[in-house]
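Peer 1: Handing over data19.tsv, TSV, C-alpha atoms.
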chain	number	residue	atom	x	y	z
Y	1	GLY	CA	2.15	-54.38	-38.67
Y	2	GLU	CA	3.03	-57.98	-38.05
Y	3	ASP	CA	5.51	-58.78	-35.32
Y	4	VAL	CA	8.11	-61.50	-34.83
Y	5	GLU	CA	9.86	-61.83	-31.47
Y	6	GLN	CA	12.94	-63.73	-30.39
Y	7	SER	CA	15.02	-63.83	-27.26
Y	8	LEU	CA	18.29	-61.96	-27.64
Y	9	PHE	CA	20.85	-64.41	-26.40
Y	10	LEU	CA	21.49	-68.11	-25.75
Y	11	SER	CA	24.61	-69.72	-24.39
Y	12	VAL	CA	25.21	-73.49	-24.45
Y	13	ARG	CA	28.12	-75.88	-24.02
Y	14	GLU	CA	29.54	-77.77	-26.96
Y	15	GLY	CA	27.73	-81.05	-27.43
Y	16	ASP	CA	24.53	-79.88	-25.75
Y	17	SER	CA	21.31	-79.17	-27.61
Y	18	SER	CA	20.28	-75.60	-28.33
Y	19	VAL	CA	16.69	-74.47	-28.58
Y	20	ILE	CA	15.95	-71.08	-30.10
Y	21	ASN	CA	12.40	-69.82	-29.78
Y	22	CYS	CA	10.35	-67.44	-31.88
Y	23	THR	CA	6.82	-66.10	-31.64
Y	24	TYR	CA	4.85	-64.33	-34.36
Y	25	THR	CA	1.53	-62.61	-34.66
Y	26	ASP	CA	0.49	-63.09	-38.29
Y	27	SER	CA	-2.16	-65.80	-38.40
Y	28	SER	CA	-1.94	-65.92	-42.20
Y	29	SER	CA	1.73	-66.99	-42.25
Y	30	THR	CA	2.40	-69.51	-44.99
Y	31	TYR	CA	6.06	-70.28	-44.54
Y	32	LEU	CA	8.37	-69.80	-41.59
Y	33	TYR	CA	12.11	-69.74	-41.99
Y	34	TRP	CA	15.26	-69.98	-39.96
Y	35	TYR	CA	18.34	-68.12	-41.16
Y	36	LYS	CA	21.87	-68.10	-39.77
Y	37	GLN	CA	24.14	-65.07	-39.92
Y	38	GLU	CA	27.81	-65.30	-39.09
Y	39	PRO	CA	29.78	-62.14	-38.24
Y	40	GLY	CA	30.09	-59.77	-41.18
Y	41	ALA	CA	28.22	-62.10	-43.51
Y	42	GLY	CA	24.83	-62.31	-45.15
Y	43	LEU	CA	22.04	-64.66	-44.19
Y	44	GLN	CA	22.19	-68.36	-44.84
Y	45	LEU	CA	18.90	-70.23	-45.15
Y	46	LEU	CA	18.98	-73.11	-42.69
Y	47	THR	CA	15.54	-74.56	-43.00
Y	48	TYR	CA	11.90	-73.66	-43.45
Y	49	ILE	CA	8.54	-75.12	-42.53
Y	50	PHE	CA	5.18	-74.80	-44.20
Y	51	SER	CA	2.41	-73.62	-41.93
Y	52	ASN	CA	0.40	-76.83	-42.20
Y	53	MET	CA	3.28	-78.86	-40.75
Y	54	ASP	CA	4.11	-79.13	-37.07
Y	55	MET	CA	7.59	-80.60	-37.30
Y	56	LYS	CA	10.45	-80.84	-39.73
Y	57	GLN	CA	13.80	-82.54	-39.17
Y	58	ASP	CA	16.90	-81.96	-41.22
Y	59	GLN	CA	20.04	-83.65	-39.88
Y	60	ARG	CA	20.91	-81.86	-36.63
Y	61	LEU	CA	18.09	-79.35	-37.01
Y	62	THR	CA	14.54	-79.85	-35.80
Y	63	VAL	CA	11.86	-77.23	-36.35
Y	64	LEU	CA	8.70	-77.34	-34.27
Y	65	LEU	CA	5.68	-75.22	-35.12
Y	66	ASN	CA	2.72	-74.65	-32.81
Y	67	LYS	CA	0.37	-72.78	-35.07
Y	68	LYS	CA	-2.27	-72.33	-32.37
Y	69	ASP	CA	0.19	-70.51	-30.12
Y	70	LYS	CA	2.09	-68.99	-33.07
Y	71	HIS	CA	5.32	-70.39	-31.67
Y	72	LEU	CA	8.25	-71.64	-33.71
Y	73	SER	CA	11.42	-73.24	-32.38
Y	74	LEU	CA	14.70	-74.42	-33.80
Y	75	ARG	CA	16.55	-77.21	-32.02
Y	76	ILE	CA	20.19	-77.82	-32.86
Y	77	ALA	CA	21.42	-81.20	-31.66
Y	78	ASP	CA	25.04	-81.72	-30.63
Y	79	THR	CA	25.80	-78.00	-30.89
Y	80	GLN	CA	29.28	-77.20	-32.16
Y	81	THR	CA	31.43	-74.07	-31.83
Y	82	GLY	CA	30.84	-73.47	-35.54
Y	83	ASP	CA	27.16	-73.03	-34.76
Y	84	SER	CA	27.93	-69.78	-32.93
Y	85	ALA	CA	26.10	-67.11	-34.89
Y	86	ILE	CA	22.93	-65.02	-34.92
Y	87	TYR	CA	19.79	-66.95	-35.82
Y	88	PHE	CA	16.83	-65.14	-37.34
Y	89	CYS	CA	13.36	-66.50	-37.69
Y	90	ALA	CA	11.17	-65.00	-40.39
Y	91	GLU	CA	7.62	-65.43	-41.51
Y	92	ARG	CA	6.05	-64.96	-44.90
Y	93	SER	CA	2.41	-64.06	-44.89
Y	94	ASN	CA	-0.18	-65.11	-47.39
Y	95	ALA	CA	-0.71	-61.44	-48.20
Y	96	GLY	CA	2.52	-60.77	-50.01
Y	97	ASN	CA	6.06	-61.65	-50.84
Y	98	MET	CA	7.89	-59.97	-48.04
Y	99	LEU	CA	9.49	-61.58	-45.04
Y	100	THR	CA	9.14	-60.22	-41.53
Y	101	PHE	CA	12.19	-60.94	-39.42
Y	102	GLY	CA	12.63	-61.37	-35.71
Y	103	GLY	CA	15.37	-59.44	-33.98
Y	104	GLY	CA	17.76	-62.38	-34.01
Y	105	THR	CA	19.08	-64.64	-31.27
Y	106	ARG	CA	22.81	-64.66	-30.67
Y	107	LEU	CA	23.93	-68.23	-29.96
Y	108	MET	CA	27.23	-68.62	-28.16
Y	109	VAL	CA	28.70	-72.12	-27.91
Y	110	LYS	CA	31.31	-72.64	-25.23
Y	111	PRO	CA	33.95	-75.35	-25.68
Q	1	GLY	CA	21.94	-74.53	-54.05
Q	2	ALA	CA	20.82	-71.11	-55.13
Q	3	VAL	CA	23.54	-68.47	-54.95
Q	4	VAL	CA	23.16	-64.72	-54.72
Q	5	SER	CA	26.18	-62.48	-55.04
Q	6	GLN	CA	26.67	-58.83	-54.14
Q	7	HIS	CA	29.29	-56.43	-55.35
Q	8	PRO	CA	31.15	-54.72	-53.87
Q	9	SER	CA	31.42	-56.36	-50.46
Q	10	TRP	CA	32.98	-53.26	-48.90
Q	11	VAL	CA	32.71	-49.57	-49.82
Q	12	ILE	CA	34.33	-46.62	-48.10
Q	13	CYS	CA	33.46	-43.27	-49.65
Q	14	LYS	CA	33.37	-39.57	-48.96
Q	15	SER	CA	30.18	-37.79	-48.06
Q	16	GLY	CA	28.29	-36.66	-51.16
Q	17	THR	CA	29.40	-39.59	-53.31
Q	18	SER	CA	26.88	-41.89	-54.98
Q	19	VAL	CA	27.45	-45.61	-54.48
Q	20	LYS	CA	26.04	-48.43	-56.60
Q	21	ILE	CA	25.58	-51.92	-55.18
Q	22	GLU	CA	24.84	-54.88	-57.43
Q	23	CYS	CA	22.86	-57.96	-56.52
Q	24	ARG	CA	22.96	-60.99	-58.82
Q	25	SER	CA	21.22	-64.34	-58.76
Q	26	LEU	CA	23.83	-66.67	-60.20
Q	27	ASP	CA	21.97	-69.88	-60.96
Q	28	PHE	CA	18.31	-68.96	-61.04
Q	29	GLN	CA	16.03	-66.27	-62.34
Q	30	ALA	CA	14.50	-63.82	-59.92
Q	31	THR	CA	11.59	-61.65	-60.96
Q	32	THR	CA	11.60	-60.21	-57.45
Q	33	MET	CA	14.56	-59.09	-55.40
Q	34	PHE	CA	14.55	-57.39	-52.02
Q	35	TRP	CA	16.87	-54.83	-50.47
Q	36	TYR	CA	17.42	-54.79	-46.72
Q	37	ARG	CA	19.41	-52.63	-44.39
Q	38	GLN	CA	20.90	-53.91	-41.16
Q	39	PHE	CA	22.30	-51.74	-38.39
Q	40	PRO	CA	24.83	-53.22	-35.95
Q	41	LYS	CA	23.31	-55.85	-33.67
Q	42	GLN	CA	19.87	-55.30	-35.14
Q	43	SER	CA	17.56	-57.21	-37.40
Q	44	LEU	CA	17.05	-56.67	-41.09
Q	45	MET	CA	14.83	-53.83	-42.19
Q	46	LEU	CA	13.18	-54.20	-45.58
Q	47	MET	CA	13.83	-51.10	-47.68
Q	48	ALA	CA	12.21	-51.98	-50.97
Q	49	THR	CA	10.98	-54.71	-53.26
Q	50	SER	CA	12.56	-54.71	-56.69
Q	51	ASN	CA	10.49	-56.08	-59.56
Q	52	GLU	CA	12.03	-56.92	-62.92
Q	53	GLY	CA	10.91	-54.51	-65.58
Q	54	SER	CA	8.88	-52.27	-63.32
Q	55	LYS	CA	9.30	-49.73	-60.57
Q	56	ALA	CA	10.42	-50.77	-57.14
Q	57	THR	CA	8.05	-50.70	-54.20
Q	58	TYR	CA	9.49	-48.79	-51.25
Q	59	GLU	CA	8.66	-49.34	-47.60
Q	60	GLN	CA	7.33	-46.48	-45.55
Q	61	GLY	CA	10.02	-44.04	-44.55
Q	62	VAL	CA	12.48	-45.04	-47.27
Q	63	GLU	CA	13.24	-42.23	-49.71
Q	64	LYS	CA	12.99	-43.50	-53.27
Q	65	ASP	CA	15.05	-40.59	-54.62
Q	66	LYS	CA	17.77	-41.39	-52.14
Q	67	PHE	CA	17.88	-45.12	-52.76
Q	68	LEU	CA	17.48	-45.73	-56.48
Q	69	ILE	CA	16.67	-49.29	-57.49
Q	70	ASN	CA	16.94	-50.71	-60.98
Q	71	HIS	CA	15.98	-54.31	-61.77
Q	72	ALA	CA	16.97	-54.45	-65.40
Q	73	SER	CA	17.12	-58.21	-65.88
Q	74	LEU	CA	15.98	-61.42	-64.25
Q	75	THR	CA	19.36	-61.86	-62.59
Q	76	LEU	CA	20.43	-58.34	-61.64
Q	77	SER	CA	19.14	-55.61	-59.36
Q	78	THR	CA	21.11	-52.53	-58.40
Q	79	LEU	CA	20.76	-50.18	-55.45
Q	80	THR	CA	22.30	-46.73	-55.78
Q	81	VAL	CA	22.72	-44.69	-52.63
Q	82	THR	CA	22.73	-41.15	-53.99
Q	83	SER	CA	24.75	-38.40	-52.30
Q	84	ALA	CA	25.65	-40.69	-49.43
Q	85	HIS	CA	26.05	-39.24	-45.94
Q	86	PRO	CA	27.50	-40.77	-42.77
Q	87	GLU	CA	24.03	-41.78	-41.55
Q	88	ASP	CA	23.73	-44.00	-44.63
Q	89	SER	CA	26.59	-46.13	-43.33
Q	90	SER	CA	25.16	-49.58	-42.83
Q	91	PHE	CA	25.18	-53.19	-43.97
Q	92	TYR	CA	23.03	-53.59	-47.09
Q	93	ILE	CA	21.79	-57.06	-47.91
Q	94	CYS	CA	19.84	-58.15	-50.95
Q	95	SER	CA	17.80	-61.27	-51.45
Q	96	ALA	CA	16.36	-62.88	-54.53
Q	97	ARG	CA	13.20	-64.92	-54.69
Q	98	ASP	CA	13.53	-68.11	-56.72
Q	99	SER	CA	10.41	-67.88	-58.83
Q	100	GLY	CA	10.83	-71.44	-60.02
Q	101	GLY	CA	11.00	-72.94	-56.56
Q	102	ILE	CA	7.98	-74.55	-54.97
Q	103	GLN	CA	8.13	-72.49	-51.80
Q	104	GLU	CA	9.60	-69.40	-53.50
Q	105	THR	CA	12.36	-69.16	-50.96
Q	106	GLN	CA	14.39	-65.99	-50.63
Q	107	TYR	CA	18.12	-66.47	-50.91
Q	108	PHE	CA	20.35	-63.81	-49.46
Q	109	GLY	CA	23.51	-62.22	-50.73
Q	110	PRO	CA	26.59	-61.87	-48.51
Q	111	GLY	CA	25.92	-58.18	-47.90
Q	112	THR	CA	27.70	-54.93	-48.71
Q	113	ARG	CA	29.16	-52.89	-45.92
Q	114	LEU	CA	29.02	-49.15	-46.66
Q	115	LEU	CA	31.03	-46.65	-44.66
Q	116	VAL	CA	30.53	-42.99	-45.52
Q	117	LEU	CA	33.16	-40.63	-44.11
Starting from the file, give its structure as structure tokens.
Peer 2:
Amino acid sequence: GEDVEQSLFLSVREGDSSVINCTYTDSSSTYLYWYKQEPGAGLQLLTYIFSNMDMKQDQRLTVLLNKKDKHLSLRIADTQTGDSAIYFCAERSNAGNMLTFGGGTRLMVKP
Amino acid sequence: GAVVSQHPSWVICKSGTSVKIECRSLDFQATTMFWYRQFPKQSLMLMATSNEGSKATYEQGVEKDKFLINHASLTLSTLTVTSAHPEDSSFYICSARDSGGIQETQYFGPGTRLLVL
């Protein structure tokens, strides 16, 4: 099956930028998503990017997509303690409706 | 924005009990809803795709007689864990696909934490 990989953990200081990386294998991906999950809660959609785009910016969030390398990243500018959470990338293939999730990256923001 | 609710948020039950979890799309219609299971510190595992008015599609390894899914309307899907056992304890999350949206984004519910004693 298709595979989505993320690093497990990232620690940054408050005010710094965070970059969370994701790689995927499905070359037919149409949309790629970033979700945020706070402890004990469901997933919150942060942003998404269509596969024919290479960048999308939304306030403090910047998504970069390198379709050739199948690499997706999420940059959070001016990271705050409230950004501490698990971040999941997910891809939706052209073949169906389902999302394939990465394992999640735990972001810890130190004051 | 699109809101998906789940009820209940917490369930503690005895082994052998059946538990029903509801997933509702509050401000949009969803012909397709998805049920996921998440173990501690792990990613989401898709259990099944729920289609309004038809049978659910289960992922490999998920017992359809164990996890009954009913998608009776465009805003409601239910997951019933029948004869729950301790190994069914998990965090169950549903999502609903906004059929009217351009990118058909999935919006997630807040999750239901099930603990079977």
Peer 1: Which residue out of Y:Ser73, Y:Gln80, Y:Thr105, Y:Asn52 has the minimum interatomic distance to chain Q when all atoms listed in the file are used?
Peer 2: Y:Thr105
Peer 1: If we count all atoms listed in the file, what is near stretch 87-103 of chain Y at a cut-off of 9 Å, once residues fewer than 2 positions away on the same chain are taken out, given as a PyMOL selection string?
Peer 2: (chain Y and resi 2-8+20-24+26-38+43+72-74+85+105-107) or (chain Q and resi 32+34+41-46+49+97+104+106)
Peer 1: For chain Q, which residue out of Y:Val19, Y:Leu10, Y:Met55, Y:Ile49 is the nearest one, using all atoms listed in the file?
Peer 2: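 Closest to chain Q, using all atoms listed in the file: Y:Ile49.
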Peer 1: What's around Q:Ala84 at 7 Å? Count only C-alpha atoms, leave out sequence neighbours fewer than 3 positions away in its own chain, and write the answer as a PDB file with C-alpha atoms, in the coordinates of the input.
Peer 2:
ATOM      1  CA  SER Q  15      30.180 -37.790 -48.060  1.00  0.00           C
ATOM      2  CA  GLY Q  16      28.290 -36.660 -51.160  1.00  0.00           C
ATOM      3  CA  THR Q  17      29.400 -39.590 -53.310  1.00  0.00           C
ATOM      4  CA  SER Q  18      26.880 -41.890 -54.980  1.00  0.00           C
ATOM      5  CA  VAL Q  81      22.720 -44.690 -52.630  1.00  0.00           C
ATOM      6  CA  ASP Q  88      23.730 -44.000 -44.630  1.00  0.00           C
ATOM      7  CA  VAL Q 116      30.530 -42.990 -45.520  1.00  0.00           C
TER       8      VAL Q 116
END
Peer 1: Would you kindly report the residues of chain Q within 8 Å of chain Y, using only C-alpha atoms, as a VMD selection string?
Peer 2: chain Q and resid 42 to 44 93 103 107 to 111
Peer 1: Find the distance between atom CA of Q:Trp10 and atom CA of Q:Phe67 and write it in Å to one decimal.
Peer 2: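 Those two atoms sit 17.6 Å apart.
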Peer 1: Q:Ala56: which residues within 9 Å, counting all atoms listed in the file, same-chain residues fewer than 2 positions away excluded, as an NGL selection string?
Peer 2: :Q and (48-52 or 54 or 58 or 64 or 68-71)
Peer 1: When you look at Y:Arg13 with a cut-off of 12 Å (counting all atoms listed in the file), what residues show up, excluding the ones that are within fewer than 3 positions of it in the same chain? I need them as a list of chain:residue names.
Peer 2: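 Listed by chain and then number, they are Y:Leu10, Y:Asp16, Y:Ser17, Y:Ser18, Y:Ala77, Y:Asp78, Y:Thr79, Y:Gln80, Y:Thr81, Y:Asp83, Y:Ser84, Y:Leu107, Y:Met108, Y:Val109, Y:Lys110, Y:Pro111.
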Peer 1: Take the selection from the previous step and output its residues with C-alpha atoms, as a CSV table (one decimal), keeping the file's coordinate frame.
Peer 2:
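Listed below is the output, selection25.csv:
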chain,number,residue,atom,x,y,z
Y,10,LEU,CA,21.5,-68.1,-25.8
Y,16,ASP,CA,24.5,-79.9,-25.8
Y,17,SER,CA,21.3,-79.2,-27.6
Y,18,SER,CA,20.3,-75.6,-28.3
Y,77,ALA,CA,21.4,-81.2,-31.7
Y,78,ASP,CA,25.0,-81.7,-30.6
Y,79,THR,CA,25.8,-78.0,-30.9
Y,80,GLN,CA,29.3,-77.2,-32.2
Y,81,THR,CA,31.4,-74.1,-31.8
Y,83,ASP,CA,27.2,-73.0,-34.8
Y,84,SER,CA,27.9,-69.8,-32.9
Y,107,LEU,CA,23.9,-68.2,-30.0
Y,108,MET,CA,27.2,-68.6,-28.2
Y,109,VAL,CA,28.7,-72.1,-27.9
Y,110,LYS,CA,31.3,-72.6,-25.2
Y,111,PRO,CA,34.0,-75.4,-25.7
Peer 1: Restricting the calculation to only C-alpha atoms: of Q:Leu117, Q:Leu26, Q:Thr112, Q:Phe91, which residue gets closest to Q:Ser9?
Peer 2: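 Distance minimum relative to Q:Ser9 lands on Q:Thr112.
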Peer 1: Neighbouring residues of Q:Leu114 were defined as those with any atom within 6 Å, considering only C-alpha atoms; residues of the same chain fewer than 2 positions away were excluded. Please report them as a PDB file with C-alpha atoms, in the coordinates of the input.
Peer 2:
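Now in around.pdb:
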ATOM      1  CA  VAL Q  11      32.710 -49.570 -49.820  1.00  0.00           C
ATOM      2  CA  SER Q  89      26.590 -46.130 -43.330  1.00  0.00           C
ATOM      3  CA  SER Q  90      25.160 -49.580 -42.830  1.00  0.00           C
TER       4      SER Q  90
END
Peer 1: One decimal, in Å: what's the spacing between atom CA of Q:Met33 and atom CA of Q:Ser77?
Peer 2: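 Interatomic distance here is 7.0 Å.
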Peer 1: What's the separation between atom CA of Q:Pro40 and atom CA of Q:Tyr92, in Å to one decimal place?
Peer 2: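 Here the two named atoms are 11.3 Å from each other.
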Peer 1: Produce the centre coordinates and the three edge lengths, each in Å to one decimal, of the box along x, y and z that contains all listed atoms of stretch 47-61 of chain Q with 6 Å added on each side, as AutoDock Vina command-line options.
Peer 2:
--center_x 10.6 --center_y -50.5 --center_z -55.1 --size_x 18.5 --size_y 24.9 --size_z 33.0
Peer 1: Choose the residue, out of Q:Cys13, Q:Leu115, Q:Ser83, Q:Thr78, that has the smallest atom-to-atom separation from Q:Ser95; count only C-alpha atoms.
Peer 2: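 Nearest candidate to Q:Ser95 out of Q:Cys13, Q:Leu115, Q:Ser83, Q:Thr78: Q:Thr78.
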